[in-house]
Structure formats: C-alpha cells, structure tokens
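Down below is the structure, laid out as structure tokens.
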Amino acid sequence: MLDARFIKENVDAVKEALRKRNYEFPLADYIAIEEKRITVMREVEELRNRRNVVSEEIGKLKRQKADASPQLEEMKAVAEKIKSLDDRLRAVEEETRALILTIPNIPHESVPVGRDENENIEVRKWGVPRQFDFKPPLNHWDIAEALDIIDFDRASKISGARFALMKGAGARLERALMNFMLDTNTSKGYKEVFPPIIVNRESMTGTGQLPKFEMELFRIADPEFYLIPTAEVPVTNIHRDEILKETELPVYYTAYTPCFRREAGSYGKDTRGLIRQHQFNKVEMVKFVKPEDSYAELEKLTDNAEDLLRKLDLPYRVVALCTGDLGFSSAKTYDLEVWLPGQDKYREISSCSNFEDFQARRANIRFKREGKKGTEFVHTLNGSGLAIGRTVVAILENYQQKDGSVVIPEILRPYMGMDRIG
RNA sequence: GGAGAGGUGGCCGAGUAGGUCGAAGGCAGCCGCCUGCUAAGCGGUUGUGGGGGUAAAACUUCACCCAGGGUUCGAAUCCCUGCCUCUCCGCCA
C-alpha cells in the first residue's frame with residue numbers, strides 16, 4: 001500500500017509508475033474521494049470537539065445541581081449529526097481503503113522499463129550448460145517415471161491434476177533438498193521458523209495477496225482461512241502490528257513450507273511434470289531491514305539464493321524483472337532461472353524481491369530509531385531459497401546419465417545417503 | 001463439543017452506583033541533582049495514529065483501555081456480537 005499523503009503530493013510520479021506497469025487505475029477518482037474523506041473527517045472532529053466541551057459542562061452543572069437542559073437540548077442535535085456524519089465518514093473510508101489496496105507498488109528507479117517478460121534484463125550468468133553425449137536429454141518426468149520416483153497417475157487419482165506423489169529416492173530427494181537449504185541458510189544468519197500454513201484474511205492482506213488475487217488462492221470456507229501460496233505470507237506477518245527496536249534489525253528468517261496455488265488461468269501451461277503444481281515445497285528467506293539498507297540487502301539475499309544453486313552446481317542466470325513483469329507488491333525483483341536441458345531453456349526457480357515499505361505499511365510493521373521520536377516502517381524482502389520441486393526437476397535433468405540413472409550432486413550426498421539414483 | 005475465568009500503557013497492576021481517566025501506583029527507560037566508583041536517594045520526564053499549525057518546533061484538536069456494533073448529552077466503566085488467552089470435562093494425533 002502506498003502512503004495516502006505521498007500519492008496526493010506526488011500524483012505525477014504515481015501516474016508514471018502505474019503507466020510503466022501497464023496498470024489501469026482511476027487515480028483521479030481516488031484523489032477526489034480521498035479529499036472528500038479529509039473534509040468529512042474534519043467536520044466530524046469539529047463536532048466531536050463541541051460534544052466533548054459541552055458534555056463536560058453538563059457534568060459540572062449536574063454536580064452543582066444546576067439546570068443543564070439547554071445544553072442537553074443542544075447535544076441531542078449534535079449527537080445525531082455526529083452519528084450521520086460518522087456513517088458517511090466510514091463509508092468514504094472504506095471506499096478509499098478498498099481503492100488504495102489495489103494500487104501496486106512503485107518500481108525502483110533501477111528497474112528496467114518494459115512491457116512484459118520479454119523485456120526483462122539478464123544481469124549475469126553462472127555455470128555452463130552440460131554437453132550431453134547422448135541426444136536428446138530427457139524431460140524430468142520421463143526420467144522420474146522410468147526410475148519410479150514420481151508417480152503422477154496415482155497422484156491424480158488421489159487428488160487431481162497438478163499433484164505429484166514422490167516415492168523412494170524421489171521422496172528422499174525432496175527431503176534432502178529441504179534440509180540442505182535450511183542448513184545452508186541458517187549458517188548465514190537466517191533464523192529457522194516453521195509457521196502455520198493456513199492463515200487468516202488479515203495476513204493475506206498484509207503481504208498483498210488480498211484483496212486483488214483471491215482467484216489464485218485456495219480458501220477454506222468455514223471458518224474462513226486461506227492456504228498459503230508462499231511462506232512469505234506467514235513469515236512476514238510474524239511482525240504484523242509490531243514496533244521493532246532499531247537494534248533488532250535486520251531480522252532474517254528462513255522457513256520451509258508447503259505452498260498451495262490455484263494456478264487459475266494457466267490451464268495450458270506446464271501441464272506435465274513438476275514445474276507447475278497446486279502443492280509444492282519451498283524454502284523461503286524473509287528479511288526485515290532499515291530503509292537505507294534494503295537495496296544492499298536485496299543483493300545479499302539474491303546472492304544467498306544463488307549460492308544454493310552454485311553449491312548444487314546447477315547453471316543459472318539472474319534476470320532483473322522489467323516494470324511490466326514486476327509483481328504487485330514489489331519495488332524490484334530478481335528472478336533466478338535454472339538451466340533445464342529437457343526444455344532447452346532457463347526456468348524460474350527463485351524470485352527475490354524488495355517490497356520497500358509497501359507490505360510494512362499494509363501489515364503495520366514499524367521500528368523505532370534510537371533517540372528519535374516516532375516510528376518508521378521497516379522494509380521487507382523475501383526470496384525463494386529455493387523452490388524444491390523445481391530444484392528436483394533441475395537435478396534430474398542436469399544430472400541424468402546415458403543409462404537412465406541420475407547422479408546426486410556432491411553436496412547432497414550426505415543428505416541422500418547415496419550418490420546415484422537408479 | 002460442554003462448563004467456567006479473563007483480555008487496561010514497554011512490563012506488572014489499580015480503576016464497574018457512567019462524567020474532572022490517556023488513564024492511580026510500581027517496575028523499566030530517559031534527563032538532571034547528589035554520592036570520590038557501584039548501589040541506594042531526590043526532582044523531572046517517558047505511548048501510538050490522524051487533522052490543523054510551524055522553516056522546524058512550540059501549540060492545538062480527534063481517536064485509541066482486545067475488535068466491531070449499541071445505550072447515553074457523556075463509557076475503560078452498562079448491553080450485544082466476534083476474536084484471543086487460561087482452567088476443568090469430553091474427544092483426539
């Protein structure tokens with residue numbers, strides 16, 4: 001959420017930001033209603049002041065056993081007026097809040113301007129895609145089914161499309177990756193947490209999934225809850241409605257959680273395999289930092305995610321998302337894309353974002369500077385480290401052998417208790 | 001699922017015959033004083049958000065005693081609903 005006053009004082013900048021994002025928004029309507037909100041608010045406050053003053057008088061008169069009927073008469077009218085204006089104020093407030101919650105974040109000045117994902121900018125590349133002495137390299141689902149480590153058919157019997165049943169070494173690989181990632185992240189100062197994975201509406205609003213993206217979430221109807229689409233939601237909301245001490249910052253968390261996504265509107269995409277599932281595992285990193293540090297922290301966060309890929313010896317590239325491809329809440333995002341020989345292209349495996357104070361304002365996460373009065377919003381960041389299902393895909397495809405087996409990356413062997421599947 | 005108890009400021013904890021309560025008192029914190037160090041002692045001070053105001057302050061005003069409604073000229077105090085916490089019983093991994 002943007003600051004209401006900031007919008008008013010920087011109309012042109014906001015307009016420009018929305019335009020760069022190809023985002024349609026009735027900004028003029030919003031500003032008009034916001035001005036009305038202030039006007040009505042002043043009116044109500046003036047009346048309330050009058051009420052406070054006269055009510056005190058009435059109290060005094062009554063204690064002196066004096067007659068207060070003229071004041072009582074006046075206050076009756078005032079009270080009525082307050083009530084009706086209050087109703088109006090509430091309506092206007094709801095309207096402004098509903099609107100402001102659907103305005104996306106303003107892209108950072110370093111974000112490349114572009115229409116869609118085709119205009120994202122490659123920032124760097126690491127590793128060299130392997131040359132196979134057999135052709136063509138297989139898709140991960142063919143590899144996995146041949147090894148009997150992922151069973152898509154039975155998963156669809158149990159649940160439906162876009163679910164997977166991991167078996168034997170496949171299940172073990174999933175668990176090994178989870179542990180490897182958590183161990184690596186905690187060694188870099190991230191505190192491990194294991195949060196609830198069903199959350200309330202406030203938490204979803206805090207990080208920006210609601211109200212705009214209800215269609216992408218699994219919802220539990222009664223009582224109302226939501227399944228998290230990413231650990232970002234519960235972990236960022238750990239500090240919702242809190243005021244942190246300056247000395248506590250920065251705060252780093254890492255969490256493994258299952259994630260649940262409707263994938264509405266992606267019916268044709270990635271229908272086979274593990275790439276796009278309704279349920280998948282992910283290890284996430286989340287940071288709460290001081291505003292002046294957040295862009296340096298984004299670079300560090302991205303490097304932490306990259307380090308996982310380097311340790312697994314998987315070729316990848318880093319892409320800076322352009323303004324048209326940026327997520328709703330994000331001010332700047334780097335995507336990490338891992339090389340997939342089976343698809344002959346790079347595919348997203350991590351997304352690292354700086355939300356600046358956009359989520360902090362929604363979730364009311366503040367901090368207090370030493371010796372200064374008042375509070376400020378923190379900056380929040382998060383990044384996948386990493387999406388586990390897609391890491392499995394990358395390992396199967398990059399480490400496949402001519403005989404159909406898959407070599408386990410060096411660093412995972414202690415976790416796997418084997419150096420080869422099949 | 002059944003039966004009770006409770007939710008007050010950074011913390012502890014007063015405050016229910018409705019008015020002078022943003023809220024006693026204590027602790028912690030901060031600023032002074034004092035004590036050759038430390039402790040004790042003395043005085044003062046210390047919430048958040050919004051509006052107005054200012055160069056910035058000062059200042060002023062509204063709201064906030066879990067949340068949302070209601071009663072009333074006036075509510076931390078009365079009524080209703082919800083959420084959360086705790087205790088006992090049942091059930092259960």
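Ligands are numbered from 1 in the order shown, residues from 1 within each chain, and chains are lettered A, B, ... in the order they appear in the structure tokens.
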Report as a Markdown table the residues of chain A within 6 Å of chain B, each with its shortest atom pair and distance in Å (one decimal), using only C-alpha atoms (C1' of nucleotides), ordered by chain and increasing residue number.
| residue | atom | partner | partner_atom | distance |
| --- | --- | --- | --- | --- |
| A:Glu45 | CA | B:C62 | C1' | 5.4 |
| A:Ser55 | CA | B:G74 | C1' | 5.5 |
| A:Gly59 | CA | B:G19 | C1' | 5.4 |
| A:Leu72 | CA | B:C73 | C1' | 5.1 |
| A:Met75 | CA | B:C73 | C1' | 5.1 |
Please, could you write that set of residues out with C-alpha atoms as a PDB file, in the first residue's frame?
ATOM      1  CA  GLU A  45     -13.901  16.091  14.519  1.00  0.00           C
ATOM      2  CA  SER A  55     -20.571  17.292  27.924  1.00  0.00           C
ATOM      3  CA  GLY A  59     -21.221  17.169  34.182  1.00  0.00           C
ATOM      4  CA  LEU A  72     -28.760  18.757  26.831  1.00  0.00           C
ATOM      5  CA  MET A  75     -26.206  17.989  22.498  1.00  0.00           C
TER       6      MET A  75
END
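Backbone DSSP over stretch 254-364 of chain A yields helix (DSSP H, G or I) at Pro291, Glu292, Asp293, Ser294, Tyr295, Ala296, Glu297, Leu298, Glu299, Lys300, Leu301, Thr302, Asp303, Asn304, Ala305, Glu306, Asp307, Leu308, Leu309, Arg310, Lys311, Phe358, Gln359, Ala360, Arg361, Arg362 and Ala363 of chain A.
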Requested write-out: C-alpha atoms of the selected residues, as a compact mmCIF listing (two decimals), in the first residue's frame:
# COMPACT_ATOMS: atom_id res chain seq x y z
CA PRO A 291 15.02 1.50 4.72
CA GLU A 292 18.52 2.74 3.94
CA ASP A 293 19.81 -0.84 3.82
CA SER A 294 17.17 -2.55 1.76
CA TYR A 295 18.80 -2.46 -1.67
CA ALA A 296 22.11 -3.76 -0.37
CA GLU A 297 20.11 -6.42 1.44
CA LEU A 298 18.36 -7.37 -1.79
CA GLU A 299 21.74 -8.03 -3.43
CA LYS A 300 22.82 -10.15 -0.47
CA LEU A 301 19.54 -12.03 -0.45
CA THR A 302 19.83 -12.78 -4.15
CA ASP A 303 23.39 -13.96 -3.70
CA ASN A 304 22.26 -16.26 -0.87
CA ALA A 305 19.73 -17.85 -3.22
CA GLU A 306 22.32 -18.10 -6.00
CA ASP A 307 24.73 -19.75 -3.61
CA LEU A 308 22.34 -22.68 -3.24
CA LEU A 309 22.42 -23.22 -6.99
CA ARG A 310 26.19 -22.89 -7.09
CA LYS A 311 26.56 -25.43 -4.31
CA PHE A 358 4.70 -1.45 0.75
CA GLN A 359 4.00 -4.57 2.81
CA ALA A 360 5.12 -2.95 6.04
CA ARG A 361 2.50 -0.24 5.64
CA ARG A 362 -0.23 -2.77 4.93
CA ALA A 363 0.83 -5.03 7.76
* To do: Would you kindly return, as a count of residues only, each protein, DNA or RNA residue with an atom no farther than 9 Å from any atom of A:Phe280, considering only C-alpha atoms (C1' of nucleotides) and excluding same-chain residues fewer than 6 positions away?
  => 11
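For the choices A:Glu35, A:Lys373, A:Glu46, A:Leu396, the atom-to-atom distance to A:Val78 is smallest for A:Glu46 when using only C-alpha atoms.
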* To do: For stretch 139-147 of chain A, please output as number ranges by chain all residues within 8 Å (counting only C-alpha atoms (C1' of nucleotides); exclusion window: fewer than 3 positions along the same chain).
  => A: 150-151, 170, 272-274, 341-343, 393-394, 396-397, 400, 404-405, 421-422
Name the residues of stretch 146-208 of chain A that come out as strand (DSSP E or B) in a backbone DSSP run; write them as a CSV table (one decimal) with N, CA and C atoms, in the first residue's frame.
chain,number,residue,atom,x,y,z
A,150,ILE,N,8.7,-40.7,-9.1
A,150,ILE,CA,7.5,-39.8,-9.1
A,150,ILE,C,6.3,-40.5,-9.8
A,151,ASP,N,5.2,-40.5,-9.2
A,151,ASP,CA,4.0,-41.1,-9.7
A,151,ASP,C,2.9,-40.1,-9.9
A,165,LEU,N,3.0,-37.6,-6.6
A,165,LEU,CA,3.3,-38.5,-5.5
A,165,LEU,C,4.8,-38.8,-5.6
A,166,MET,N,5.6,-38.4,-4.6
A,166,MET,CA,7.0,-38.7,-4.6
A,166,MET,C,7.3,-40.0,-3.9
A,191,LYS,N,17.2,-17.1,10.8
A,191,LYS,CA,16.7,-17.9,11.9
A,191,LYS,C,15.6,-18.8,11.3
A,192,GLU,N,15.7,-20.1,11.6
A,192,GLU,CA,14.7,-21.1,11.1
A,192,GLU,C,13.4,-21.0,11.8
A,193,VAL,N,12.3,-20.9,11.0
A,193,VAL,CA,11.0,-20.9,11.6
A,193,VAL,C,10.1,-21.9,10.8
A,198,ILE,N,-1.9,-22.4,7.1
A,198,ILE,CA,-3.2,-21.8,6.8
A,198,ILE,C,-3.3,-20.5,7.7
A,199,VAL,N,-3.7,-19.5,7.0
A,199,VAL,CA,-3.7,-18.2,7.6
A,199,VAL,C,-5.0,-17.4,7.5
* Surrounding residues of B:G7 excluding itself and chain neighbours under 2 positions, 12 Å, only C-alpha atoms (C1' of nucleotides), as a ChimeraX atom specification -> /B:5,65-67,83-86
* **Neighbour list for A:Asp183 as a list in words, cut-off 12 Å, only C-alpha atoms (C1' of nucleotides), skip fewer than 2 positions in-chain** => Ala176, Leu177, Met178, Asn179, Phe180, Met181, Asn185, Thr186, Ser187, Lys188, Gly189, Tyr190, Lys191, Glu192, Thr254, Ala255, Tyr256, Val283, Leu308, Gly385, Ile411, Leu412 and Tyr415 of chain A
Env of A:Tyr334: 8 Å cut, atoms = only C-alpha atoms (C1' of nucleotides), seq-sep filter 3 positions within chain, self excluded. Answer as a CSV table (one decimal) with C-alpha atoms, in the first residue's frame.
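Generated output (selection27.csv):
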chain,number,residue,atom,x,y,z
A,302,THR,CA,19.8,-12.8,-4.1
A,318,VAL,CA,19.9,-13.8,-12.9
A,319,VAL,CA,17.2,-11.7,-14.5
A,320,ALA,CA,16.0,-8.2,-13.5
A,321,LEU,CA,12.3,-8.1,-14.0
A,351,SER,CA,12.3,-14.8,-7.1
A,352,CYS,CA,14.0,-12.3,-4.8
A,353,SER,CA,12.2,-9.0,-4.1
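Distance check against B:G44 using only C-alpha atoms (C1' of nucleotides): of B:C31, B:C59, B:G1, B:G6, the minimum falls on B:C31.
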* Asked: Which residue gives the smallest distance to B:G47 among B:U81, B:G26, B:G10, B:G69, with only C-alpha atoms (C1' of nucleotides) counted?
  -> B:G10
